[in-house]
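J.: Encoded as structure tokens, here's the structure I'll be asking about.
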Amino acid sequence: MLRTSSKKKSSAQGGFTVLELLFVMFIVAILAVFAIPAYIGFIQKARETAVVSYLSKIKKAEEVHRLGLNSGGLYSNSFDVLEDTGIVPPATGISSRVEHDYTFDLTAGVDGSSLPYWRVNAAPLSSDASAKWFYIDDQGPVRYETGAAATASSPVLKR
């Protein structure tokens, strides 16, 4: 009786060819071309949303401070004083702070008509020309510019 084996002996080693590896690397590169910019855009949008939220907290804290008994009806030019309202989270910096990869500069005082005012400029730390700059003051809404400093005459941010 002749015995036959069901196992075949192969002289070739298992593995991938160079062409198969190049094809897989090409597909991964194509996916990265689309995924990385989308991810970076998502991260920037999240930062901008956090900045707008922080500016809203500053606005609320300024009003609470101005209406307080010890303010004399004036706004504060100190983030440390605004922290005392419990609205602005504690951090370092009196008139300038870095939060969410943005620098916040706070100014307050009395204008030529003896009216109190305050304003905050938020500038991105990155040098990306597509990043938004923000501005808010005692007059109202958050304003923005893309790639340049925002001012009181910048467009209103609609969310």
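In the structure tokens, each chain is lettered A, B, ... as it comes, each chain's residues begin at 1, and ligands are numbered from 1 in order of appearance.
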Please list as a PDB file with C-alpha atoms, in the first residue's frame every residue within 12 Å of Tyr144 in chain A, counting only C-alpha atoms and excluding residues in the same chain fewer than 3 positions away.

T.:
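The resulting file, out.pdb, is shown below:
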ATOM      1  CA  GLU A  48     -11.524  78.172  19.607  1.00  0.00           C
ATOM      2  CA  VAL A  51     -11.519  80.326  24.087  1.00  0.00           C
ATOM      3  CA  VAL A  52     -15.042  81.637  23.432  1.00  0.00           C
ATOM      4  CA  LEU A  55     -14.209  84.903  27.197  1.00  0.00           C
ATOM      5  CA  VAL A 120      -9.896  91.315  26.372  1.00  0.00           C
ATOM      6  CA  ASN A 121      -7.848  90.333  23.340  1.00  0.00           C
ATOM      7  CA  ALA A 122      -7.171  86.637  22.765  1.00  0.00           C
ATOM      8  CA  ALA A 123      -4.252  85.869  20.450  1.00  0.00           C
ATOM      9  CA  PRO A 124      -3.264  82.344  19.373  1.00  0.00           C
ATOM     10  CA  SER A 130      -5.833  80.449   9.573  1.00  0.00           C
ATOM     11  CA  ALA A 131      -6.126  80.734  13.372  1.00  0.00           C
ATOM     12  CA  LYS A 132      -8.787  83.052  14.740  1.00  0.00           C
ATOM     13  CA  TRP A 133      -8.045  85.978  17.045  1.00  0.00           C
ATOM     14  CA  PHE A 134     -10.786  87.079  19.458  1.00  0.00           C
ATOM     15  CA  TYR A 135     -11.928  90.286  21.148  1.00  0.00           C
ATOM     16  CA  ILE A 136     -14.624  91.024  23.721  1.00  0.00           C
ATOM     17  CA  PRO A 141     -20.469  90.022  21.806  1.00  0.00           C
ATOM     18  CA  GLY A 147      -4.915  85.735  10.942  1.00  0.00           C
ATOM     19  CA  ALA A 148      -4.882  89.212  12.540  1.00  0.00           C
ATOM     20  CA  ALA A 149      -5.760  90.869  15.836  1.00  0.00           C
ATOM     21  CA  ALA A 150      -9.493  91.350  16.419  1.00  0.00           C
ATOM     22  CA  THR A 151     -10.866  94.747  17.462  1.00  0.00           C
ATOM     23  CA  ALA A 152     -14.150  96.356  18.465  1.00  0.00           C
ATOM     24  CA  SER A 153     -14.990  96.747  14.766  1.00  0.00           C
ATOM     25  CA  SER A 154     -14.313  93.102  13.840  1.00  0.00           C
ATOM     26  CA  PRO A 155     -17.180  90.839  12.767  1.00  0.00           C
ATOM     27  CA  VAL A 156     -19.353  89.347  15.493  1.00  0.00           C
ATOM     28  CA  LEU A 157     -18.817  85.644  16.088  1.00  0.00           C
ATOM     29  CA  LYS A 158     -22.023  83.736  15.412  1.00  0.00           C
ATOM     30  CA  ARG A 159     -22.343  80.410  17.158  1.00  0.00           C
TER      31      ARG A 159
END

J.: Within 12 Å of Leu115 in chain A, counting only C-alpha atoms, which residues show up once you throw out same-chain ones fewer than 3 positions away? Write them as a PyMOL selection string, please.

T.: chain A and resi 73-75+108-112+118+138-139

J.: Write the selection just made, keeping N, CA and C atoms, as a compact mmCIF listing (two decimals), in the first residue's frame?

T.:
# COMPACT_ATOMS: atom_id res chain seq x y z
N GLY A 73 -18.19 100.45 41.29
CA GLY A 73 -18.81 100.52 39.97
C GLY A 73 -17.83 100.40 38.82
N LEU A 74 -16.59 100.02 39.11
CA LEU A 74 -15.57 99.90 38.08
C LEU A 74 -15.30 98.44 37.73
N TYR A 75 -14.77 98.23 36.55
CA TYR A 75 -14.36 96.90 36.12
C TYR A 75 -12.94 96.63 36.62
N ALA A 108 -8.67 97.34 31.62
CA ALA A 108 -9.86 97.97 32.18
C ALA A 108 -9.48 99.35 32.68
N GLY A 109 -10.48 100.21 32.77
CA GLY A 109 -10.22 101.56 33.26
C GLY A 109 -11.44 102.44 33.09
N VAL A 110 -11.17 103.74 32.98
CA VAL A 110 -12.22 104.74 32.79
C VAL A 110 -11.86 105.55 31.54
N ASP A 111 -12.82 105.69 30.62
CA ASP A 111 -12.53 106.44 29.39
C ASP A 111 -12.65 107.95 29.62
N GLY A 112 -12.48 108.73 28.57
CA GLY A 112 -12.51 110.19 28.66
C GLY A 112 -13.84 110.75 29.13
N TRP A 118 -13.88 97.72 29.94
CA TRP A 118 -12.92 96.61 29.97
C TRP A 118 -12.91 95.97 28.59
N ASP A 138 -16.91 95.38 27.19
CA ASP A 138 -18.11 95.62 27.99
C ASP A 138 -19.33 95.91 27.12
N GLN A 139 -19.14 96.15 25.83
CA GLN A 139 -20.25 96.48 24.93
C GLN A 139 -21.01 95.26 24.44

J.: Name the closest residue to Pro116 in chain A among the candidates A:Glu145, A:Glu62, A:Leu21, A:Gln44; distances are taken between atoms, counting only C-alpha atoms.

T.: A:Glu62

J.: Name the closest residue to Gly68 in chain A among the candidates A:Asp84, A:Glu99, A:Glu20, A:Asp105; distances are taken between atoms, counting only C-alpha atoms.

T.: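 With only C-alpha atoms as the atom set, the closest residue is A:Asp84.
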
J.: Quick one, how far is CA of Arg47 in chain A from CA of Asp128 in chain A?

T.: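 Atom-to-atom, CA of Arg47 in chain A and CA of Asp128 in chain A are spaced 13.3 Å apart.
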
J.: Write out as JSON, numbers by chain each polymer residue whose atoms come within 10 Å of Ala91 in chain A, counting only C-alpha atoms; drop sequence neighbours fewer than 6 positions from it.

T.: {"A": [79, 80, 83, 97, 98, 99]}

J.: Would you write out those residues with C-alpha atoms, as a PDB file, in the first residue's frame?

T.:
ATOM      1  CA  PHE A  79      -7.533  88.241  36.414  1.00  0.00           C
ATOM      2  CA  ASP A  80      -6.677  87.542  40.066  1.00  0.00           C
ATOM      3  CA  GLU A  83     -10.941  84.756  40.208  1.00  0.00           C
ATOM      4  CA  ARG A  97      -2.804  84.738  30.862  1.00  0.00           C
ATOM      5  CA  VAL A  98      -2.221  81.750  28.641  1.00  0.00           C
ATOM      6  CA  GLU A  99      -5.145  79.348  28.379  1.00  0.00           C
TER       7      GLU A  99
END

J.: Could you please determine the separation between CA of Leu82 in chain A and CA of Ile58 in chain A in Å, to one decimal place?

T.: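 Atom-to-atom, CA of Leu82 in chain A and CA of Ile58 in chain A are spaced 7.5 Å apart.
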
J.: Write out as JSON, numbers by chain all residues of range 4-133 of chain A that backbone DSSP assigns to helix (DSSP H, G or I).

T.: {"A": [18, 19, 20, 21, 22, 23, 24, 25, 26, 27, 28, 29, 30, 31, 32, 33, 34, 35, 36, 37, 38, 39, 40, 41, 42, 43, 44, 45, 46, 47, 48, 49, 50, 51, 52, 53, 54, 55, 56, 57, 58, 59, 60, 61, 62, 63, 64, 65, 66, 79, 80, 81, 82, 83]}

J.: Could the residues in this selection be saved with C-alpha atoms as a PDB file, in the first residue's frame?

T.:
ATOM      1  CA  VAL A  18       7.967  44.244  -1.609  1.00  0.00           C
ATOM      2  CA  LEU A  19       5.175  45.207  -3.982  1.00  0.00           C
ATOM      3  CA  GLU A  20       2.508  44.277  -1.430  1.00  0.00           C
ATOM      4  CA  LEU A  21       4.258  46.311   1.284  1.00  0.00           C
ATOM      5  CA  LEU A  22       4.566  49.319  -1.035  1.00  0.00           C
ATOM      6  CA  PHE A  23       0.873  49.064  -1.886  1.00  0.00           C
ATOM      7  CA  VAL A  24      -0.121  49.051   1.798  1.00  0.00           C
ATOM      8  CA  MET A  25       2.208  51.996   2.529  1.00  0.00           C
ATOM      9  CA  PHE A  26       0.639  53.906  -0.388  1.00  0.00           C
ATOM     10  CA  ILE A  27      -2.871  53.363   1.005  1.00  0.00           C
ATOM     11  CA  VAL A  28      -1.791  54.470   4.496  1.00  0.00           C
ATOM     12  CA  ALA A  29      -0.167  57.592   3.018  1.00  0.00           C
ATOM     13  CA  ILE A  30      -3.354  58.468   1.115  1.00  0.00           C
ATOM     14  CA  LEU A  31      -5.401  58.096   4.322  1.00  0.00           C
ATOM     15  CA  ALA A  32      -2.911  60.258   6.228  1.00  0.00           C
ATOM     16  CA  VAL A  33      -3.137  63.028   3.631  1.00  0.00           C
ATOM     17  CA  PHE A  34      -6.836  63.400   4.433  1.00  0.00           C
ATOM     18  CA  ALA A  35      -6.913  62.419   8.115  1.00  0.00           C
ATOM     19  CA  ILE A  36      -4.127  64.615   9.509  1.00  0.00           C
ATOM     20  CA  PRO A  37      -5.468  67.992   8.254  1.00  0.00           C
ATOM     21  CA  ALA A  38      -8.976  67.025   9.387  1.00  0.00           C
ATOM     22  CA  TYR A  39      -7.633  66.149  12.837  1.00  0.00           C
ATOM     23  CA  ILE A  40      -5.660  69.410  13.089  1.00  0.00           C
ATOM     24  CA  GLY A  41      -8.759  71.366  12.050  1.00  0.00           C
ATOM     25  CA  PHE A  42     -10.810  69.553  14.668  1.00  0.00           C
ATOM     26  CA  ILE A  43      -8.275  70.387  17.387  1.00  0.00           C
ATOM     27  CA  GLN A  44      -8.176  74.081  16.371  1.00  0.00           C
ATOM     28  CA  LYS A  45     -11.986  74.264  16.381  1.00  0.00           C
ATOM     29  CA  ALA A  46     -12.033  72.754  19.884  1.00  0.00           C
ATOM     30  CA  ARG A  47      -9.469  75.339  21.071  1.00  0.00           C
ATOM     31  CA  GLU A  48     -11.524  78.172  19.607  1.00  0.00           C
ATOM     32  CA  THR A  49     -14.663  76.889  21.319  1.00  0.00           C
ATOM     33  CA  ALA A  50     -12.788  76.757  24.647  1.00  0.00           C
ATOM     34  CA  VAL A  51     -11.519  80.326  24.087  1.00  0.00           C
ATOM     35  CA  VAL A  52     -15.042  81.637  23.432  1.00  0.00           C
ATOM     36  CA  SER A  53     -16.246  79.891  26.594  1.00  0.00           C
ATOM     37  CA  TYR A  54     -13.394  81.443  28.597  1.00  0.00           C
ATOM     38  CA  LEU A  55     -14.209  84.903  27.197  1.00  0.00           C
ATOM     39  CA  SER A  56     -17.838  84.446  28.258  1.00  0.00           C
ATOM     40  CA  LYS A  57     -16.662  83.617  31.780  1.00  0.00           C
ATOM     41  CA  ILE A  58     -14.532  86.768  31.843  1.00  0.00           C
ATOM     42  CA  LYS A  59     -17.510  88.843  30.714  1.00  0.00           C
ATOM     43  CA  LYS A  60     -19.719  87.412  33.448  1.00  0.00           C
ATOM     44  CA  ALA A  61     -16.989  87.844  36.078  1.00  0.00           C
ATOM     45  CA  GLU A  62     -16.470  91.492  35.074  1.00  0.00           C
ATOM     46  CA  GLU A  63     -20.184  92.223  35.547  1.00  0.00           C
ATOM     47  CA  VAL A  64     -20.305  90.419  38.887  1.00  0.00           C
ATOM     48  CA  HIS A  65     -17.210  92.348  40.026  1.00  0.00           C
ATOM     49  CA  ARG A  66     -18.571  95.737  38.876  1.00  0.00           C
ATOM     50  CA  PHE A  79      -7.533  88.241  36.414  1.00  0.00           C
ATOM     51  CA  ASP A  80      -6.677  87.542  40.066  1.00  0.00           C
ATOM     52  CA  VAL A  81      -9.539  89.813  41.167  1.00  0.00           C
ATOM     53  CA  LEU A  82     -11.890  88.116  38.691  1.00  0.00           C
ATOM     54  CA  GLU A  83     -10.941  84.756  40.208  1.00  0.00           C
TER      55      GLU A  83
END

J.: Please give the complete set of residues from range 3-144 of chain A that DSSP, run on the backbone, assigns to strand (DSSP E), formatted as a ChimeraX atom specification.

T.: /A:96-99,102-110,116-124,132-137,143-144

J.: One decimal, Å: what's the distance from CA of Asn77 in chain A over to CA of Ser96 in chain A, could you say?

T.: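 We find that CA of Asn77 in chain A and CA of Ser96 in chain A lie 9.6 Å from each other.
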